[in-house]
file model.cif (mmCIF, C-alpha atoms and all ligand atoms)
data_my_file
#
loop_
_atom_site.label_atom_id
_atom_site.label_comp_id
_atom_site.auth_asym_id
_atom_site.auth_seq_id
_atom_site.Cartn_x
_atom_site.Cartn_y
_atom_site.Cartn_z
CA MET A 150 0.00 0.00 0.00
CA GLY A 151 2.98 2.32 0.48
CA ARG A 152 2.33 5.71 2.04
CA SER A 153 -0.56 6.20 4.36
CA TRP A 154 -3.64 8.06 3.18
CA PHE A 155 -3.71 9.78 6.55
CA ARG A 156 -1.34 12.33 8.09
CA THR A 157 -0.76 12.14 11.85
CA ARG A 158 0.71 14.99 13.85
CA ALA A 159 1.42 14.91 17.58
CA VAL A 160 -0.08 17.93 19.30
CA SER A 161 1.06 16.76 22.74
CA PRO A 162 2.34 13.47 24.19
CA THR A 163 -1.27 12.33 24.61
CA LEU A 164 -3.00 13.97 21.63
CA ASP A 165 -2.68 13.31 17.89
CA ARG A 166 -4.33 15.25 15.10
CA ILE A 167 -5.01 13.12 12.03
CA ASP A 168 -6.30 14.34 8.67
CA GLU A 169 -6.47 13.44 5.00
CA PRO A 170 -4.12 15.68 2.96
CA HIS A 171 -5.51 14.61 -0.42
CA VAL A 172 -9.05 15.65 0.43
CA HIS A 173 -10.36 19.08 -0.67
CA ASP A 174 -10.04 21.70 2.11
CA LEU A 175 -13.75 21.91 2.82
CA LEU A 176 -13.92 18.17 3.50
CA ARG A 177 -10.50 17.73 5.12
CA ALA A 178 -11.63 17.23 8.69
CA ASN A 179 -9.57 16.45 11.76
CA ILE A 180 -9.69 13.16 13.60
CA TRP A 181 -8.53 13.68 17.18
CA HIS A 182 -6.99 10.82 19.15
CA MET A 183 -6.49 11.43 22.85
CA ARG A 184 -4.86 8.75 24.97
CA GLY A 185 -6.20 8.70 28.51
CA ARG A 186 -4.89 6.61 31.39
CA ASP A 187 -7.71 4.07 31.19
CA ARG A 188 -9.32 4.72 27.82
CA ASP A 189 -8.77 6.64 24.63
CA LEU A 190 -11.03 9.22 23.05
CA VAL A 191 -11.49 9.49 19.28
CA VAL A 192 -13.29 12.60 18.05
CA ASP A 193 -14.67 12.20 14.50
CA THR A 194 -13.71 9.63 11.90
CA GLY A 195 -12.79 11.31 8.61
CA LEU A 196 -14.36 10.99 5.18
CA GLY A 197 -14.42 7.21 4.92
CA VAL A 198 -12.55 6.76 1.63
CA ALA A 199 -9.73 4.76 3.25
CA SER A 200 -9.88 2.26 6.08
CA LEU A 201 -9.04 3.65 9.50
CA ARG A 202 -8.45 0.15 10.80
CA ALA A 203 -5.91 -0.64 8.07
CA HIS A 204 -4.02 2.68 8.27
CA LEU A 205 -4.46 3.67 11.92
CA PRO A 206 -4.81 0.51 14.04
CA GLN A 207 -3.77 2.50 17.11
CA LEU A 208 -7.20 4.15 17.08
CA PHE A 209 -8.79 0.80 17.84
CA ALA A 210 -6.26 -0.59 20.30
CA ARG A 211 -7.75 0.51 23.60
CA ASP A 212 -11.51 0.22 23.16
CA PRO A 213 -11.87 3.98 22.57
CA VAL A 214 -14.83 6.18 23.27
CA VAL A 215 -15.67 7.46 19.77
CA VAL A 216 -17.62 10.70 19.53
CA LEU A 217 -19.12 12.02 16.29
CA THR A 218 -19.45 15.80 16.54
CA HIS A 219 -22.19 15.74 13.88
CA ALA A 220 -23.39 13.65 10.94
CA HIS A 221 -21.61 15.33 8.02
CA LEU A 222 -19.72 12.90 5.77
CA ASP A 223 -16.27 14.32 6.52
CA HIS A 224 -16.76 13.63 10.24
CA MET A 225 -18.62 10.31 10.29
CA GLY A 226 -17.20 8.65 7.16
CA GLY A 227 -15.19 6.10 9.15
CA ALA A 228 -17.79 5.56 11.90
CA HIS A 229 -18.85 2.22 10.42
CA GLU A 230 -15.47 0.73 11.37
CA PHE A 231 -16.06 1.17 15.10
CA ASP A 232 -18.29 -1.09 17.17
CA CYS A 233 -20.00 1.87 18.77
CA CYS A 234 -20.02 5.64 18.44
CA TRP A 235 -21.51 8.36 20.62
CA ALA A 236 -23.45 11.28 19.16
CA TYR A 237 -26.16 13.74 20.07
CA PRO A 238 -29.64 12.80 18.84
CA GLY A 239 -31.21 14.69 15.96
CA GLU A 240 -29.15 13.82 12.89
CA PRO A 241 -29.17 10.79 10.55
CA PHE A 242 -26.20 8.86 11.94
CA ARG A 243 -28.03 5.58 11.30
CA THR A 244 -29.49 6.49 7.91
CA PRO A 245 -27.16 9.09 6.41
CA PRO A 246 -27.66 10.51 2.92
CA PRO A 247 -25.23 8.88 0.47
CA GLY A 248 -22.73 11.72 0.18
CA SER A 249 -20.56 12.19 -2.88
CA LEU A 250 -17.00 13.03 -3.86
CA TYR A 251 -18.26 15.26 -6.68
CA PRO A 252 -19.02 18.93 -6.01
CA GLU A 253 -22.45 19.24 -7.65
CA PRO A 254 -24.30 16.34 -6.04
CA LEU A 255 -22.63 16.95 -2.70
CA ALA A 256 -23.54 20.65 -2.72
CA ASP A 257 -27.12 19.65 -3.57
CA GLU A 258 -27.23 17.22 -0.67
CA LEU A 259 -25.77 19.73 1.79
CA GLY A 260 -27.95 22.57 0.51
CA ILE A 261 -25.00 24.79 -0.36
CA SER A 262 -23.69 26.12 -3.66
CA ALA A 263 -21.13 24.07 -5.61
CA ALA A 264 -19.29 27.38 -6.09
CA ASP A 265 -18.54 27.28 -2.33
CA PHE A 266 -16.07 24.50 -3.06
CA GLY A 267 -14.13 26.87 -5.33
CA ILE A 268 -13.23 23.67 -7.08
CA ASP A 269 -10.40 23.37 -9.55
CA GLY A 270 -11.02 19.75 -10.47
CA PRO A 271 -13.98 17.46 -11.06
CA ILE A 272 -13.60 15.58 -7.79
CA LEU A 273 -13.01 16.56 -4.18
CA LEU A 274 -9.78 14.53 -3.87
CA ASP A 275 -6.41 15.27 -5.48
CA ALA A 276 -5.25 11.64 -5.26
CA LEU A 277 -6.95 8.28 -4.86
CA PRO A 278 -6.57 6.16 -1.73
CA ARG A 279 -5.91 3.06 -3.88
CA SER A 280 -5.19 2.66 -7.59
CA ASP A 281 -8.43 0.69 -8.03
CA TYR A 282 -10.54 3.14 -6.02
CA ALA A 283 -13.72 4.23 -7.85
CA PRO A 284 -14.83 7.64 -6.53
CA GLY A 285 -18.27 7.20 -8.09
CA ASP A 286 -18.89 4.27 -5.75
CA TYR A 287 -18.47 6.41 -2.62
CA ARG A 288 -21.37 5.99 -0.20
CA LEU A 289 -21.43 7.30 3.33
CA GLN A 290 -21.93 4.25 5.58
CA PRO A 291 -24.24 4.33 8.60
CA ALA A 292 -22.75 4.07 12.05
CA PRO A 293 -23.70 0.51 13.07
CA LYS A 294 -24.32 1.32 16.70
CA ILE A 295 -24.93 4.74 18.18
CA GLU A 296 -25.20 5.59 21.85
CA TRP A 297 -26.81 8.94 22.51
CA LEU A 298 -25.02 11.72 24.31
CA SER A 299 -26.93 14.19 26.43
CA GLU A 300 -26.03 17.69 27.53
CA GLY A 301 -23.65 17.50 30.48
CA MET A 302 -22.82 13.80 30.10
CA ARG A 303 -19.31 12.94 31.28
CA ILE A 304 -16.76 10.91 29.32
CA ASP A 305 -14.11 9.63 31.69
CA LEU A 306 -10.68 8.60 30.36
CA GLY A 307 -9.24 7.91 33.82
CA ASP A 308 -6.88 10.84 34.26
CA ARG A 309 -9.10 13.38 32.55
CA SER A 310 -12.71 13.69 31.59
CA PHE A 311 -14.85 15.58 29.14
CA THR A 312 -18.33 17.04 29.36
CA ALA A 313 -20.63 16.90 26.34
CA LEU A 314 -22.06 20.25 25.25
CA HIS A 315 -24.95 20.47 22.79
CA LEU A 316 -23.91 23.32 20.46
CA PRO A 317 -26.48 23.61 17.65
CA GLY A 318 -26.19 26.04 14.75
CA HIS A 319 -23.94 24.48 12.10
CA THR A 320 -26.17 21.42 12.40
CA PRO A 321 -28.97 20.65 14.90
CA ALA A 322 -27.08 17.97 16.85
CA SER A 323 -23.55 19.40 16.85
CA VAL A 324 -21.66 18.61 20.03
CA GLY A 325 -18.48 19.83 21.63
CA LEU A 326 -16.47 18.16 24.39
CA VAL A 327 -14.93 20.28 27.11
CA ASP A 328 -12.33 19.31 29.71
CA GLU A 329 -12.80 22.08 32.26
CA VAL A 330 -9.79 21.04 34.36
CA HIS A 331 -7.29 21.25 31.50
CA GLY A 332 -9.19 23.97 29.62
CA THR A 333 -9.56 21.98 26.41
CA LEU A 334 -12.45 22.06 23.92
CA PHE A 335 -13.06 19.76 20.96
CA SER A 336 -15.41 21.87 18.88
CA GLY A 337 -16.22 19.96 15.67
CA ASP A 338 -17.60 22.33 13.03
CA VAL A 339 -19.18 24.63 15.59
CA VAL A 340 -16.08 26.76 15.54
CA TYR A 341 -12.86 26.60 13.55
CA ASP A 342 -10.54 29.30 12.26
CA ASP A 343 -12.02 29.84 8.79
CA ILE A 344 -15.34 30.74 7.18
CA LEU A 345 -18.07 29.08 9.25
CA ILE A 346 -20.90 27.31 7.48
CA ASP A 347 -24.35 28.29 8.71
CA ASN A 348 -26.28 27.82 5.48
CA CYS A 349 -26.41 24.07 4.97
CA VAL A 350 -29.35 21.74 5.53
CA GLY A 351 -30.13 21.84 9.26
CA SER A 352 -28.17 25.02 9.96
CA HIS A 353 -29.96 27.56 12.15
CA ILE A 354 -28.51 31.02 12.66
CA PRO A 355 -30.46 31.96 15.84
CA ASP A 356 -29.23 28.74 17.48
CA TYR A 357 -25.73 29.41 16.19
CA ARG A 358 -25.79 32.83 17.86
CA ILE A 359 -26.79 31.29 21.19
CA THR A 360 -23.99 28.75 20.78
CA MET A 361 -21.45 31.48 20.01
CA ASN A 362 -22.47 33.43 23.10
CA ARG A 363 -22.04 30.27 25.11
CA LEU A 364 -18.57 29.65 23.68
CA THR A 365 -17.36 33.10 24.68
CA GLU A 366 -18.18 32.22 28.29
CA LEU A 367 -16.31 28.90 28.31
CA ASP A 368 -13.19 28.84 30.43
CA VAL A 369 -10.90 27.07 27.96
CA SER A 370 -7.34 27.79 26.88
CA VAL A 371 -7.20 25.70 23.70
CA VAL A 372 -9.72 24.70 21.04
CA HIS A 373 -9.18 21.64 18.86
CA PRO A 374 -11.54 22.19 15.92
CA GLY A 375 -13.08 19.98 13.25
CA HIS A 376 -10.97 21.65 10.55
CA GLY A 377 -7.56 23.30 10.61
CA ASP A 378 -5.20 24.21 13.42
CA SER A 379 -5.91 24.49 17.12
CA PHE A 380 -6.23 27.98 18.58
CA ASP A 381 -6.43 29.78 21.92
CA ARG A 382 -9.24 31.44 23.84
CA ASP A 383 -8.58 34.89 22.43
CA ARG A 384 -9.00 33.58 18.91
CA LEU A 385 -12.12 31.66 19.98
CA CYS A 386 -13.66 34.88 21.30
CA ASP A 387 -12.66 36.80 18.16
CA ILE A 388 -14.29 34.23 15.88
CA ALA A 389 -17.44 34.06 18.03
CA ASN A 390 -17.78 37.83 18.38
CA ASP A 391 -17.16 38.27 14.69
CA TYR A 392 -19.98 35.87 13.96
CA LEU A 393 -22.30 37.63 16.38
CA ARG A 394 -21.51 40.97 14.79
CA ARG A 395 -22.33 39.93 11.24
CA THR A 396 -25.45 37.79 11.80
ZN ZN A 401 -20.02 19.95 9.14
#
call {"tool": "encode", "arguments": {"input": "model.cif", "output": "structure tokens"}}
result
Amino acid sequence: MGRSWFRTRAVSPTLDRIDEPHVHDLLRANIWHMRGRDRDLVVDTGLGVASLRAHLPQLFARDPVVVLTHAHLDHMGGAHEFDCCWAYPGEPFRTPPPGSLYPEPLADELGISAADFGIDGPILLDALPRSDYAPGDYRLQPAPKIEWLSEGMRIDLGDRSFTALHLPGHTPASVGLVDEVHGTLFSGDVVYDDILIDNCVGSHIPDYRITMNRLTELDVSVVHPGHGDSFDRDRLCDIANDYLRRT
């Protein structure tokens, strides 16, 4: 197989950021792997064009708690490889729409404009995961088993724990995970350091505004987002206040 489809970068001794460099920016989501004393946490599962189990067996080694921040294809594409995933109710984790690696049908499905992809090629990958890979056969797979998160539910890794926050706006069932002791937030697509998407199917700007107000009050020092680099609390507040100003 040669090189891995995935790129893994250590953020700290216990946290890896994994992404898919050959996927178009808008769909190149982060997979976060945090190693706790007793259990691991995996946040999101990538696009699902290459096998997580084949490329990243370490994700599966310690019976991880897998959390899907929402049901978009770039976050739950690999969910079908795990025995069980956690998510907030209200999105089609068990019966997802098929998804696509082509801009037009995907934009249709998401309710956005294909122009938003600013695409310079016919397909949303710039390489194939295998020489025999057929992009037209891409189908987003359902998560075989979902356990439902609720607001305030704790996820305990032994030496640290996270609290689930329901943060609707980008999608109705978006969740974040906050570790109040270490000041860490996994934010999914609720907030990242780029243009935020509040116009897709299921987006709701009034909810997004409430969520942004809530984020500005969180006592966190670092945000690990669904796309792009991590950032600090000042940047979080800038992004949130910016959003509140223009909506
Ligand atoms: Zn999304």
call {"tool": "residues_around", "arguments": {"input": "model.cif", "residues": "A:Ile261", "least_positions_apart": "5", "cutoff": "9 Å", "atoms": "all atoms listed in the file", "output": "PDB file with C-alpha atoms, keeping the file's coordinate frame"}}
result
ATOM      1  CA  LEU A 255     -22.630  16.950  -2.700  1.00  0.00           C
ATOM      2  CA  ALA A 256     -23.540  20.650  -2.720  1.00  0.00           C
ATOM      3  CA  ASN A 348     -26.280  27.820   5.480  1.00  0.00           C
ATOM      4  CA  CYS A 349     -26.410  24.070   4.970  1.00  0.00           C
ATOM      5  CA  VAL A 350     -29.350  21.740   5.530  1.00  0.00           C
TER       6      VAL A 350
END
call {"tool": "closest_residue", "arguments": {"input": "model.cif", "among": "A:Asp356, A:Glu258, A:Asp265, A:Asp281", "to": "A:Thr320", "atoms": "all atoms listed in the file"}}
result
A:Asp356
call {"tool": "closest_residue", "arguments": {"input": "model.cif", "among": "A:Glu240, A:Glu300, A:Asp383, A:Asp328", "to": "ligand ZN 401 (chain A)", "atoms": "only C-alpha atoms and all ligand atoms"}}
result
A:Glu240
call {"tool": "closest_atom_pairs", "arguments": {"input": "model.cif", "of": "stretch 276-324 of chain A", "to": "stretch 194-199 of chain A", "cutoff": "12 Å", "atoms": "only C-alpha atoms", "output": "tab-separated table"}}
result
residue	atom	partner	partner_atom	distance
A:Ala276	CA	A:Val198	CA	11.2
A:Leu277	CA	A:Val198	CA	8.7
A:Pro278	CA	A:Ala199	CA	6.1
A:Arg279	CA	A:Ala199	CA	8.3
A:Ser280	CA	A:Ala199	CA	11.9
A:Tyr282	CA	A:Val198	CA	8.7
A:Ala283	CA	A:Val198	CA	9.9
A:Pro284	CA	A:Val198	CA	8.5
A:Gly285	CA	A:Val198	CA	11.3
A:Asp286	CA	A:Val198	CA	10.0
A:Tyr287	CA	A:Val198	CA	7.3
A:Arg288	CA	A:Gly197	CA	8.7
A:Leu289	CA	A:Gly197	CA	7.2
A:Gln290	CA	A:Gly197	CA	8.1
A:Pro291	CA	A:Gly197	CA	10.9
A:Ala292	CA	A:Thr194	CA	10.6
call {"tool": "closest_residue", "arguments": {"input": "model.cif", "among": "A:Ser153, A:Ser299, A:Ser336, A:Thr396", "to": "ligand ZN 401 (chain A)", "atoms": "only C-alpha atoms and all ligand atoms"}}
result
A:Ser336
call {"tool": "build_atoms", "arguments": {"input": "model.cif", "residues": "stretch 370-395 of chain A", "atoms": "N, CA, C and O atoms", "output": "PDB file, in the coordinates of the input"}}
result
ATOM      1  N   SER A 370      -8.558  27.138  27.379  1.00  0.00           N
ATOM      2  CA  SER A 370      -7.340  27.790  26.880  1.00  0.00           C
ATOM      3  C   SER A 370      -6.982  27.324  25.478  1.00  0.00           C
ATOM      4  O   SER A 370      -6.220  27.997  24.784  1.00  0.00           O
ATOM      5  N   VAL A 371      -7.502  26.174  25.060  1.00  0.00           N
ATOM      6  CA  VAL A 371      -7.200  25.700  23.700  1.00  0.00           C
ATOM      7  C   VAL A 371      -8.427  25.021  23.094  1.00  0.00           C
ATOM      8  O   VAL A 371      -9.154  24.306  23.779  1.00  0.00           O
ATOM      9  N   VAL A 372      -8.624  25.300  21.798  1.00  0.00           N
ATOM     10  CA  VAL A 372      -9.720  24.700  21.040  1.00  0.00           C
ATOM     11  C   VAL A 372      -9.130  23.820  19.957  1.00  0.00           C
ATOM     12  O   VAL A 372      -8.281  24.267  19.177  1.00  0.00           O
ATOM     13  N   HIS A 373      -9.571  22.556  19.919  1.00  0.00           N
ATOM     14  CA  HIS A 373      -9.180  21.640  18.860  1.00  0.00           C
ATOM     15  C   HIS A 373     -10.384  21.470  17.932  1.00  0.00           C
ATOM     16  O   HIS A 373     -11.347  20.779  18.271  1.00  0.00           O
ATOM     17  N   PRO A 374     -10.347  22.123  16.765  1.00  0.00           N
ATOM     18  CA  PRO A 374     -11.540  22.190  15.920  1.00  0.00           C
ATOM     19  C   PRO A 374     -11.676  21.028  14.946  1.00  0.00           C
ATOM     20  O   PRO A 374     -10.765  20.208  14.793  1.00  0.00           O
ATOM     21  N   GLY A 375     -12.809  21.008  14.251  1.00  0.00           N
ATOM     22  CA  GLY A 375     -13.080  19.980  13.250  1.00  0.00           C
ATOM     23  C   GLY A 375     -12.264  20.157  11.976  1.00  0.00           C
ATOM     24  O   GLY A 375     -12.098  19.210  11.212  1.00  0.00           O
ATOM     25  N   HIS A 376     -11.790  21.377  11.730  1.00  0.00           N
ATOM     26  CA  HIS A 376     -10.970  21.650  10.550  1.00  0.00           C
ATOM     27  C   HIS A 376      -9.842  22.603  10.946  1.00  0.00           C
ATOM     28  O   HIS A 376     -10.067  23.551  11.705  1.00  0.00           O
ATOM     29  N   GLY A 377      -8.661  22.364  10.431  1.00  0.00           N
ATOM     30  CA  GLY A 377      -7.560  23.300  10.610  1.00  0.00           C
ATOM     31  C   GLY A 377      -6.889  23.199  11.967  1.00  0.00           C
ATOM     32  O   GLY A 377      -7.100  22.255  12.737  1.00  0.00           O
ATOM     33  N   ASP A 378      -6.065  24.222  12.234  1.00  0.00           N
ATOM     34  CA  ASP A 378      -5.200  24.210  13.420  1.00  0.00           C
ATOM     35  C   ASP A 378      -5.962  24.550  14.697  1.00  0.00           C
ATOM     36  O   ASP A 378      -6.973  25.252  14.659  1.00  0.00           O
ATOM     37  N   SER A 379      -5.392  24.115  15.806  1.00  0.00           N
ATOM     38  CA  SER A 379      -5.910  24.490  17.120  1.00  0.00           C
ATOM     39  C   SER A 379      -5.642  25.976  17.366  1.00  0.00           C
ATOM     40  O   SER A 379      -4.748  26.567  16.759  1.00  0.00           O
ATOM     41  N   PHE A 380      -6.425  26.567  18.266  1.00  0.00           N
ATOM     42  CA  PHE A 380      -6.230  27.980  18.580  1.00  0.00           C
ATOM     43  C   PHE A 380      -6.589  28.241  20.044  1.00  0.00           C
ATOM     44  O   PHE A 380      -7.144  27.376  20.723  1.00  0.00           O
ATOM     45  N   ASP A 381      -6.267  29.471  20.494  1.00  0.00           N
ATOM     46  CA  ASP A 381      -6.430  29.780  21.920  1.00  0.00           C
ATOM     47  C   ASP A 381      -7.765  30.497  22.188  1.00  0.00           C
ATOM     48  O   ASP A 381      -8.548  30.751  21.270  1.00  0.00           O
ATOM     49  N   ARG A 382      -7.958  30.847  23.444  1.00  0.00           N
ATOM     50  CA  ARG A 382      -9.240  31.440  23.840  1.00  0.00           C
ATOM     51  C   ARG A 382      -9.468  32.808  23.208  1.00  0.00           C
ATOM     52  O   ARG A 382     -10.596  33.137  22.839  1.00  0.00           O
ATOM     53  N   ASP A 383      -8.414  33.580  23.063  1.00  0.00           N
ATOM     54  CA  ASP A 383      -8.580  34.890  22.430  1.00  0.00           C
ATOM     55  C   ASP A 383      -9.119  34.739  21.009  1.00  0.00           C
ATOM     56  O   ASP A 383     -10.009  35.469  20.588  1.00  0.00           O
ATOM     57  N   ARG A 384      -8.550  33.800  20.292  1.00  0.00           N
ATOM     58  CA  ARG A 384      -9.000  33.580  18.910  1.00  0.00           C
ATOM     59  C   ARG A 384     -10.442  33.056  18.915  1.00  0.00           C
ATOM     60  O   ARG A 384     -11.245  33.437  18.059  1.00  0.00           O
ATOM     61  N   LEU A 385     -10.754  32.172  19.858  1.00  0.00           N
ATOM     62  CA  LEU A 385     -12.120  31.660  19.980  1.00  0.00           C
ATOM     63  C   LEU A 385     -13.099  32.836  20.144  1.00  0.00           C
ATOM     64  O   LEU A 385     -14.129  32.905  19.466  1.00  0.00           O
ATOM     65  N   CYS A 386     -12.763  33.744  21.046  1.00  0.00           N
ATOM     66  CA  CYS A 386     -13.660  34.880  21.300  1.00  0.00           C
ATOM     67  C   CYS A 386     -13.748  35.782  20.079  1.00  0.00           C
ATOM     68  O   CYS A 386     -14.834  36.289  19.754  1.00  0.00           O
ATOM     69  N   ASP A 387     -12.628  35.993  19.383  1.00  0.00           N
ATOM     70  CA  ASP A 387     -12.660  36.800  18.160  1.00  0.00           C
ATOM     71  C   ASP A 387     -13.593  36.190  17.116  1.00  0.00           C
ATOM     72  O   ASP A 387     -14.395  36.887  16.495  1.00  0.00           O
ATOM     73  N   ILE A 388     -13.459  34.890  16.912  1.00  0.00           N
ATOM     74  CA  ILE A 388     -14.290  34.230  15.880  1.00  0.00           C
ATOM     75  C   ILE A 388     -15.763  34.321  16.278  1.00  0.00           C
ATOM     76  O   ILE A 388     -16.625  34.643  15.461  1.00  0.00           O
ATOM     77  N   ALA A 389     -16.048  34.047  17.562  1.00  0.00           N
ATOM     78  CA  ALA A 389     -17.440  34.060  18.030  1.00  0.00           C
ATOM     79  C   ALA A 389     -18.018  35.470  17.946  1.00  0.00           C
ATOM     80  O   ALA A 389     -19.144  35.668  17.451  1.00  0.00           O
ATOM     81  N   ASN A 390     -17.268  36.451  18.388  1.00  0.00           N
ATOM     82  CA  ASN A 390     -17.780  37.830  18.380  1.00  0.00           C
ATOM     83  C   ASN A 390     -17.952  38.349  16.959  1.00  0.00           C
ATOM     84  O   ASN A 390     -18.900  39.079  16.661  1.00  0.00           O
ATOM     85  N   ASP A 391     -17.041  37.956  16.102  1.00  0.00           N
ATOM     86  CA  ASP A 391     -17.160  38.270  14.690  1.00  0.00           C
ATOM     87  C   ASP A 391     -18.463  37.733  14.118  1.00  0.00           C
ATOM     88  O   ASP A 391     -19.182  38.431  13.396  1.00  0.00           O
ATOM     89  N   TYR A 392     -18.743  36.491  14.448  1.00  0.00           N
ATOM     90  CA  TYR A 392     -19.980  35.870  13.960  1.00  0.00           C
ATOM     91  C   TYR A 392     -21.195  36.619  14.487  1.00  0.00           C
ATOM     92  O   TYR A 392     -22.141  36.914  13.738  1.00  0.00           O
ATOM     93  N   LEU A 393     -21.156  36.960  15.770  1.00  0.00           N
ATOM     94  CA  LEU A 393     -22.300  37.630  16.380  1.00  0.00           C
ATOM     95  C   LEU A 393     -22.512  39.019  15.770  1.00  0.00           C
ATOM     96  O   LEU A 393     -23.640  39.488  15.630  1.00  0.00           O
ATOM     97  N   ARG A 394     -21.417  39.643  15.380  1.00  0.00           N
ATOM     98  CA  ARG A 394     -21.510  40.970  14.790  1.00  0.00           C
ATOM     99  C   ARG A 394     -22.150  40.934  13.406  1.00  0.00           C
ATOM    100  O   ARG A 394     -22.876  41.832  13.014  1.00  0.00           O
ATOM    101  N   ARG A 395     -21.876  39.876  12.644  1.00  0.00           N
ATOM    102  CA  ARG A 395     -22.330  39.930  11.240  1.00  0.00           C
ATOM    103  C   ARG A 395     -23.591  39.108  10.981  1.00  0.00           C
ATOM    104  O   ARG A 395     -24.013  38.970   9.842  1.00  0.00           O
TER     105      ARG A 395
END
